[in-house]
file structure_21.cif (mmCIF, C-alpha atoms and all ligand atoms)
data_model
#
loop_
_atom_site.label_atom_id
_atom_site.label_comp_id
_atom_site.auth_asym_id
_atom_site.auth_seq_id
_atom_site.Cartn_x
_atom_site.Cartn_y
_atom_site.Cartn_z
CA MET N 1 12.25 9.97 -22.12
CA LEU N 2 8.99 9.59 -20.19
CA LYS N 3 8.31 12.68 -18.07
CA PRO N 4 6.38 12.87 -14.78
CA ASN N 5 2.93 14.38 -15.28
CA LYS N 6 1.44 16.75 -12.77
CA LEU N 7 -1.37 14.98 -10.89
CA ALA N 8 -4.81 16.55 -10.73
CA ASN N 9 -4.91 16.10 -6.94
CA ASN N 10 -2.26 17.74 -4.82
CA ASN N 11 -2.31 14.94 -2.23
CA PHE N 12 -2.04 11.17 -2.21
CA LEU N 13 -4.19 10.23 0.78
CA SER N 14 -6.07 7.44 -0.95
CA SER N 15 -5.62 5.26 -4.03
CA LEU N 16 -8.62 7.18 -5.36
CA ASP N 17 -6.62 10.42 -5.43
CA LEU N 18 -5.34 9.04 -8.75
CA SER N 19 -7.40 8.55 -11.88
CA THR N 20 -6.96 5.32 -13.83
CA ASP N 21 -4.69 7.09 -16.34
CA GLU N 22 -2.64 8.66 -13.55
CA ALA N 23 -2.22 5.30 -11.79
CA LEU N 24 -1.04 3.72 -15.07
CA HIS N 25 1.31 6.67 -15.64
CA VAL N 26 2.85 6.34 -12.13
CA LEU N 27 3.37 2.60 -12.69
CA GLU N 28 4.99 3.20 -16.09
CA LEU N 29 7.25 5.86 -14.56
CA ALA N 30 8.15 3.47 -11.74
CA LYS N 31 9.28 0.88 -14.30
CA ASN N 32 11.40 3.55 -15.96
CA PHE N 33 12.99 4.49 -12.64
CA LYS N 34 13.67 0.82 -11.95
CA ASN N 35 15.30 0.32 -15.37
CA LYS N 36 17.24 3.57 -14.96
CA LYS N 37 15.67 5.02 -18.11
CA ILE N 38 14.72 8.24 -16.42
CA ASN N 39 16.59 10.87 -14.49
CA ILE N 40 14.69 13.48 -12.50
CA ASP N 41 16.40 16.16 -10.45
CA LEU N 42 14.65 17.15 -7.22
CA LYS N 43 17.70 18.99 -5.87
CA ASN N 44 16.94 21.06 -2.76
CA LYS N 45 13.52 19.43 -2.35
CA VAL N 46 12.79 18.14 1.14
CA LEU N 47 10.36 15.39 2.13
CA GLY N 48 9.16 15.53 5.75
CA LEU N 49 8.35 12.10 7.21
CA ILE N 50 5.98 11.97 10.19
CA PHE N 51 5.70 8.46 11.60
CA ASP N 52 3.39 7.82 14.56
CA LYS N 53 3.83 4.07 14.00
CA SER N 54 6.87 1.85 13.33
CA SER N 55 8.18 1.38 9.80
CA THR N 56 11.10 -0.23 8.01
CA ARG N 57 10.18 -0.33 4.32
CA THR N 58 8.11 2.82 3.99
CA ARG N 59 10.53 5.02 5.90
CA VAL N 60 13.70 3.74 4.21
CA SER N 61 12.24 3.53 0.71
CA PHE N 62 11.07 7.15 0.97
CA GLN N 63 14.49 8.23 2.25
CA VAL N 64 16.33 6.40 -0.51
CA ALA N 65 13.82 7.58 -3.13
CA MET N 66 14.45 11.23 -2.22
CA SER N 67 18.18 10.66 -2.10
CA ARG N 68 18.18 9.10 -5.60
CA LEU N 69 16.16 12.06 -6.87
CA GLY N 70 18.72 14.48 -5.45
CA GLY N 71 16.58 15.68 -2.53
CA THR N 72 16.63 15.02 1.21
CA THR N 73 14.30 13.92 4.02
CA ILE N 74 13.60 14.90 7.62
CA ASP N 75 12.36 12.07 9.83
CA LEU N 76 10.02 12.97 12.71
CA ASN N 77 8.21 10.82 15.24
CA PRO N 78 6.22 11.59 18.42
CA THR N 79 9.23 11.21 20.74
CA THR N 80 11.66 13.38 18.80
CA SER N 81 9.18 16.15 18.03
CA GLN N 82 6.47 18.11 19.82
CA ILE N 83 3.82 15.85 18.28
CA GLY N 84 4.09 13.47 21.26
CA ARG N 85 3.46 16.38 23.64
CA GLY N 86 0.16 17.06 21.94
CA GLU N 87 0.95 19.90 19.52
CA LEU N 88 -2.09 20.23 17.29
CA ILE N 89 -1.95 18.76 13.78
CA LYS N 90 -3.09 22.08 12.34
CA ASP N 91 -0.06 23.79 13.86
CA THR N 92 2.43 21.05 13.00
CA ALA N 93 1.15 20.88 9.42
CA ARG N 94 1.37 24.63 8.80
CA VAL N 95 4.88 24.86 10.22
CA LEU N 96 6.35 21.76 8.57
CA SER N 97 4.88 22.60 5.20
CA SER N 98 6.58 26.00 5.36
CA TYR N 99 9.94 24.16 5.54
CA CYS N 100 9.32 21.02 3.47
CA ASP N 101 8.14 20.55 -0.13
CA VAL N 102 6.10 17.41 0.52
CA ILE N 103 5.08 15.52 3.67
CA ALA N 104 4.44 11.79 4.18
CA VAL N 105 2.42 10.81 7.26
CA ARG N 106 1.95 7.41 8.91
CA THR N 107 -0.67 7.55 11.62
CA PHE N 108 -3.68 5.75 13.11
CA ASP N 109 -6.88 7.65 12.31
CA HIS N 110 -7.37 8.50 8.63
CA LEU N 111 -9.14 11.70 9.73
CA ASP N 112 -5.84 12.87 11.26
CA LEU N 113 -4.16 12.41 7.89
CA GLU N 114 -6.93 14.47 6.29
CA GLU N 115 -6.36 17.15 8.94
CA TYR N 116 -2.67 17.31 7.96
CA ALA N 117 -3.69 17.70 4.32
CA LYS N 118 -6.21 20.41 5.17
CA TRP N 119 -3.59 22.59 6.90
CA SER N 120 -0.51 21.75 4.85
CA SER N 121 0.45 24.14 2.07
CA LYS N 122 2.38 21.29 0.36
CA PRO N 123 1.34 17.84 -0.93
CA VAL N 124 0.63 15.20 1.73
CA ILE N 125 1.19 11.47 1.14
CA ASN N 126 -0.47 8.64 3.07
CA ALA N 127 2.37 6.48 4.41
CA LEU N 128 -0.29 4.22 6.04
CA THR N 129 -3.33 4.84 8.18
CA ASP N 130 -5.73 2.37 9.79
CA LEU N 131 -7.90 2.80 6.67
CA GLU N 132 -5.51 2.74 3.69
CA HIS N 133 -1.95 2.03 2.55
CA PRO N 134 -2.00 3.40 -1.01
CA CYS N 135 1.80 3.57 -1.51
CA GLN N 136 1.91 -0.16 -0.81
CA ALA N 137 -0.78 -0.81 -3.43
CA LEU N 138 1.25 1.04 -6.08
CA ALA N 139 4.23 -1.26 -5.46
CA ASP N 140 1.91 -4.29 -5.41
CA PHE N 141 0.36 -3.56 -8.79
CA LEU N 142 3.81 -2.72 -10.20
CA THR N 143 4.95 -6.20 -9.11
CA ILE N 144 1.87 -7.80 -10.66
CA HIS N 145 2.36 -5.92 -13.94
CA GLU N 146 6.02 -6.93 -14.09
CA GLU N 147 4.99 -10.57 -13.73
CA PHE N 148 2.13 -10.73 -16.22
CA ASN N 149 2.81 -7.68 -18.44
CA HIS N 150 -0.87 -6.72 -18.29
CA PHE N 151 -3.77 -6.47 -15.82
CA LYS N 152 -6.40 -7.98 -18.07
CA GLU N 153 -7.96 -11.08 -16.54
CA VAL N 154 -5.54 -11.09 -13.63
CA VAL N 155 -7.24 -12.40 -10.47
CA LEU N 156 -5.85 -11.15 -7.17
CA THR N 157 -6.98 -12.99 -4.04
CA PHE N 158 -6.24 -11.47 -0.65
CA ILE N 159 -6.56 -13.93 2.24
CA GLY N 160 -6.79 -12.45 5.74
CA ASP N 161 -7.94 -9.38 7.58
CA GLY N 162 -10.02 -6.77 5.73
CA ASN N 163 -7.52 -4.13 6.80
CA ASN N 164 -5.77 -1.05 5.38
CA VAL N 165 -3.76 -3.12 2.89
CA ALA N 166 -6.87 -4.99 1.70
CA ASN N 167 -8.76 -1.69 1.36
CA SER N 168 -6.05 -0.18 -0.85
CA LEU N 169 -5.85 -3.31 -3.00
CA ILE N 170 -9.60 -3.08 -3.53
CA LEU N 171 -9.50 0.60 -4.54
CA CYS N 172 -6.41 0.34 -6.72
CA GLY N 173 -7.75 -2.90 -8.24
CA ALA N 174 -10.98 -1.07 -9.10
CA LEU N 175 -9.03 1.75 -10.78
CA LEU N 176 -7.00 -0.72 -12.84
CA GLY N 177 -9.87 -3.10 -13.61
CA VAL N 178 -8.24 -6.05 -11.84
CA GLU N 179 -10.44 -8.75 -10.32
CA VAL N 180 -10.00 -8.63 -6.53
CA ARG N 181 -11.31 -11.31 -4.18
CA ILE N 182 -11.07 -10.91 -0.42
CA ALA N 183 -11.35 -14.03 1.75
CA CYS N 184 -11.65 -13.23 5.45
CA PRO N 185 -13.33 -14.73 8.53
CA LYS N 186 -16.85 -13.48 9.26
CA GLY N 187 -16.75 -10.09 10.95
CA TYR N 188 -13.39 -9.10 9.43
CA GLU N 189 -14.68 -7.84 6.07
CA PRO N 190 -13.11 -4.69 4.56
CA ASN N 191 -14.59 -1.27 5.30
CA SER N 192 -18.07 -1.01 3.78
CA LEU N 193 -17.48 2.52 2.43
CA ILE N 194 -14.38 1.31 0.60
CA ILE N 195 -16.36 -1.56 -0.92
CA LYS N 196 -19.10 0.85 -1.97
CA LYS N 197 -16.61 3.22 -3.61
CA ALA N 198 -14.95 0.32 -5.43
CA TYR N 199 -18.27 -0.93 -6.84
CA GLU N 200 -18.95 2.59 -8.13
CA ILE N 201 -15.68 2.43 -10.13
CA TYR N 202 -15.71 -1.15 -11.42
CA LYS N 203 -17.42 -1.33 -14.80
CA ASN N 204 -17.99 -5.05 -14.25
CA LYS N 205 -19.44 -5.55 -10.74
CA ASP N 206 -18.40 -9.24 -10.76
CA LEU N 207 -14.78 -8.17 -10.44
CA LEU N 208 -14.98 -7.61 -6.69
CA LYS N 209 -15.91 -10.48 -4.39
CA ILE N 210 -15.87 -10.67 -0.60
CA THR N 211 -16.11 -14.20 0.80
CA ASN N 212 -15.43 -16.21 3.95
CA ASP N 213 -14.15 -19.22 2.02
CA PRO N 214 -10.41 -19.13 1.19
CA ILE N 215 -10.37 -22.31 -0.92
CA THR N 216 -13.03 -21.07 -3.37
CA ALA N 217 -11.43 -17.61 -3.41
CA VAL N 218 -8.06 -18.91 -4.64
CA LYS N 219 -9.50 -21.04 -7.48
CA GLY N 220 -8.20 -19.53 -10.71
CA ALA N 221 -6.23 -16.84 -8.87
CA ASN N 222 -2.96 -15.53 -10.35
CA VAL N 223 -1.90 -13.63 -7.25
CA LEU N 224 -2.25 -14.72 -3.62
CA TYR N 225 -1.71 -11.93 -1.14
CA THR N 226 -1.77 -11.77 2.64
CA ASP N 227 -0.88 -9.44 5.50
CA VAL N 228 -0.69 -9.72 9.30
CA TRP N 229 -3.87 -10.68 11.10
CA SER N 230 -3.35 -7.99 13.76
CA SER N 231 -2.24 -4.62 12.45
CA MET N 232 -0.30 -1.98 14.35
CA GLY N 233 -2.58 -0.66 17.07
CA GLU N 234 -4.41 -4.00 17.42
CA GLU N 235 -1.83 -5.67 19.66
CA ASN N 236 -4.45 -6.36 22.36
CA GLN N 237 -6.62 -8.32 19.87
CA LYS N 238 -3.84 -10.68 18.85
CA GLU N 239 -4.95 -13.73 20.85
CA GLU N 240 -8.58 -13.48 19.73
CA LYS N 241 -7.68 -12.84 16.09
CA ASP N 242 -5.19 -15.72 15.99
CA LYS N 243 -8.12 -18.02 16.86
CA ASP N 244 -10.58 -16.37 14.48
CA PHE N 245 -8.17 -16.59 11.54
CA LEU N 246 -7.43 -20.33 11.83
CA GLY N 247 -7.75 -21.79 8.32
CA PHE N 248 -6.71 -18.52 6.65
CA THR N 249 -2.97 -19.28 6.44
CA ILE N 250 -1.39 -19.23 2.98
CA ASP N 251 0.28 -22.64 2.98
CA ASN N 252 1.20 -25.13 0.26
CA ASN N 253 -2.28 -26.62 0.36
CA LEU N 254 -3.95 -23.27 -0.38
CA VAL N 255 -1.34 -22.40 -3.03
CA GLY N 256 -2.09 -25.78 -4.67
CA ASN N 257 -5.69 -24.65 -5.24
CA ALA N 258 -4.64 -21.51 -7.15
CA ASN N 259 -3.50 -21.21 -10.77
CA LYS N 260 -0.23 -22.94 -11.64
CA ASP N 261 1.35 -19.56 -12.50
CA ALA N 262 0.18 -17.88 -9.27
CA ILE N 263 2.62 -15.61 -7.47
CA ILE N 264 2.65 -14.88 -3.75
CA LEU N 265 2.72 -11.37 -2.31
CA HIS N 266 2.94 -10.04 1.27
CA CYS N 267 3.50 -6.39 2.17
CA LEU N 268 5.76 -7.40 5.12
CA PRO N 269 6.49 -7.58 7.99
CA ALA N 270 5.24 -11.20 8.12
CA TYR N 271 4.46 -13.55 10.97
CA ARG N 272 5.57 -16.93 9.69
CA ALA N 273 3.24 -19.83 10.59
CA LYS N 274 0.38 -17.38 11.17
CA GLU N 275 -0.86 -15.71 7.96
CA ILE N 276 1.74 -17.46 5.76
CA THR N 277 4.17 -20.34 6.11
CA ASP N 278 7.93 -19.95 5.91
CA GLU N 279 7.90 -22.46 3.04
CA VAL N 280 5.58 -20.30 0.93
CA ILE N 281 7.51 -17.08 1.65
CA GLU N 282 10.72 -18.78 0.53
CA SER N 283 9.12 -20.63 -2.42
CA LYS N 284 9.81 -20.10 -6.13
CA ARG N 285 6.40 -18.46 -6.48
CA SER N 286 7.12 -15.78 -3.91
CA ARG N 287 7.67 -12.27 -5.29
CA ILE N 288 7.62 -10.77 -1.78
CA PHE N 289 11.11 -9.31 -1.87
CA GLU N 290 10.71 -7.91 -5.41
CA GLN N 291 7.49 -6.33 -4.11
CA ALA N 292 9.36 -4.74 -1.19
CA GLU N 293 12.01 -3.38 -3.59
CA ASN N 294 9.26 -1.95 -5.77
CA ARG N 295 8.21 0.37 -2.93
CA LEU N 296 11.29 2.41 -3.79
CA HIS N 297 10.59 2.66 -7.52
CA ALA N 298 6.87 3.38 -7.09
CA GLN N 299 7.57 6.14 -4.58
CA GLN N 300 10.22 7.74 -6.79
CA ALA N 301 7.55 7.90 -9.47
CA LEU N 302 4.94 9.29 -7.09
CA LEU N 303 7.27 11.93 -5.63
CA SER N 304 8.41 13.10 -9.05
CA CYS N 305 4.77 13.57 -10.13
CA LEU N 306 3.75 15.36 -6.93
CA LEU N 307 6.77 17.66 -7.15
CA SER N 308 6.68 18.28 -10.92
N1 LIG N 401 4.96 -2.74 4.10
C1 LIG N 401 5.26 -1.71 4.92
O1 LIG N 401 4.63 -0.63 4.89
O2 LIG N 401 6.31 -1.94 5.74
P1 LIG N 401 6.79 -1.01 6.91
O3 LIG N 401 5.76 -1.07 8.00
O4 LIG N 401 8.10 -1.63 7.34
O5 LIG N 401 6.97 0.39 6.40
N1 LIG N 402 -1.83 -3.99 8.08
C1 LIG N 402 -0.50 -3.74 8.57
C2 LIG N 402 0.38 -3.28 7.45
C3 LIG N 402 1.82 -3.05 7.85
C4 LIG N 402 2.65 -2.59 6.69
C5 LIG N 402 -0.54 -2.72 9.69
O1 LIG N 402 -1.27 -1.73 9.56
O2 LIG N 402 0.15 -2.91 10.70
#

call {"tool": "encode", "arguments": {"input": "structure_21.cif", "output": "structure tokens", "more": "lines below"}}
Ligand code: CP
Ligand code: NVA
result
Amino acid sequence: MLKPNKLANNNFLSSLDLSTDEALHVLELAKNFKNKKINIDLKNKVLGLIFDKSSTRTRVSFQVAMSRLGGTTIDLNPTTSQIGRGELIKDTARVLSSYCDVIAVRTFDHLDLEEYAKWSSKPVINALTDLEHPCQALADFLTIHEEFNHFKEVVLTFIGDGNNVANSLILCGALLGVEVRIACPKGYEPNSLIIKKAYEIYKNKDLLKITNDPITAVKGANVLYTDVWSSMGEENQKEEKDKDFLGFTIDNNLVGNANKDAIILHCLPAYRAKEITDEVIESKRSRIFEQAENRLHAQQALLSCLLS
């Protein structure tokens, strides 16, 4: 039976907290959890969830993951805790980590997540920040691997905003040697530091491309991926972004320009008729709901490594 390996880093704040071998190990473990080939007992272990933003998938998949592993979770948000009254992160982190065995944080500023990690005596997991969504990327690459059985020569094209999800796809893609193309309107390119880090990891620099042309970007692609145009916290930019992103919808026309075997991914929640059409979400090529299920398996794998 495959066993969870201890990870070199205590935290999972970024995709880059894993090495290539560790990322492959977590994905392999996730497959084993999914196929019920592995049984890990995390009895009495407690995961603390701190969510400053809304969540359906991340919250519930972490809760169910802990429950399947025999542990439990505590769910905190600003209104039910002292966080909303301005208690300092350094105090919250020290206290919570003296009760819990691992903490997952969803917040706005990535620096706040790093502050939690600095003061926590237990591992901290990024459950999404404005900069990265690395747990999502694990489930995404698990879904891709399930489809193609390998990563070699897989081309992943992300159409939309150069946001947290795009950033994590870039970093995880770099770790796994997958070709990643990002097609976004001018001015919405992914974070330049993320791009720089990715280029430092890719052995072949041609494997990362940032473009403003969606049609060229999907040519030869095996995976088409999109996410909302306005992320949580950007509600006041919605009108402007809706205009700027015209022509960046994944519809049947765009899908027709990709490879015949291309699959469609979306991290969800989705705005139908904006970044993706209802038809494409519901199409035979969509693996969006398998991808959402894979959040659970990937996080079971991650938790069992962080707590091993
Ligand atoms: N994909 C994702 O993180 O979904 P939630 O916002 O519902 O957690
Ligand atoms: N980019 C989106 C992802 C939601 C899972 C957001 O940050 O709102």

call {"tool": "closest_residue", "arguments": {"input": "structure_21.cif", "among": "N:Asn191, N:Asn9, N:Ser98, N:Thr143", "to": "N:Gly48", "atoms": "all atoms listed in the file"}}
result
N:Ser98

call {"tool": "residues_around", "arguments": {"input": "structure_21.cif", "residues": "stretch 203-220 of chain N", "least_positions_apart": "3", "cutoff": "8 Å", "atoms": "only C-alpha atoms", "output": "number ranges by chain"}}
result
N: 155, 157, 159, 170, 177-186, 189, 199-200, 224, 248, 254-255, 257-259

call {"tool": "closest_residue", "arguments": {"input": "structure_21.cif", "among": "N:Arg295, N:Lys90, N:Lys241, N:Lys260", "to": "ligand LIG 401 (chain N)", "atoms": "all atoms listed in the file"}}
result
N:Arg295

call {"tool": "residues_near_ligand", "arguments": {"input": "structure_21.cif", "ligand": "ligand LIG 401 (chain N)", "cutoff": "6 Å", "atoms": "only C-alpha atoms and all ligand atoms", "output": "ChimeraX atom specification"}}
result
/N:55-59,267-268

call {"tool": "atom_distance", "arguments": {"input": "structure_21.cif", "atom1": "atom CA of N:Leu49", "atom2": "atom CA of N:Phe158"}}
result
28.8 Å

call {"tool": "closest_residue", "arguments": {"input": "structure_21.cif", "among": "N:Glu22, N:Asp91, N:Asp17, N:Asp140", "to": "N:Asn5", "atoms": "only C-alpha atoms"}}
result
N:Glu22

call {"tool": "closest_residue", "arguments": {"input": "structure_21.cif", "among": "N:Ala270, N:Val102, N:Ile195, N:Ile38", "to": "ligand LIG 402 (chain N)", "atoms": "only C-alpha atoms and all ligand atoms"}}
result
N:Ala270

call {"tool": "residues_near_ligand", "arguments": {"input": "structure_21.cif", "ligand": "ligand LIG 402 (chain N)", "cutoff": "8 Å", "atoms": "only C-alpha atoms and all ligand atoms", "output": "ChimeraX atom specification"}}
result
/N:55,128-130,133,136,163-165,227-233,267-269

call {"tool": "atom_distance", "arguments": {"input": "structure_21.cif", "atom1": "atom CA of N:Pro190", "atom2": "atom CA of N:Asn11"}}
result
23.4 Å

call {"tool": "residues_around", "arguments": {"input": "structure_21.cif", "residues": "N:Leu13", "least_positions_apart": "2", "cutoff": "12 Å", "atoms": "all atoms listed in the file", "output": "ChimeraX atom specification"}}
result
/N:9-11,15-18,103-107,110-118,123-129,131-135,168

call {"tool": "atom_distance", "arguments": {"input": "structure_21.cif", "atom1": "atom CA of N:Leu142", "atom2": "atom CA of N:Asp261"}}
result
17.2 Å
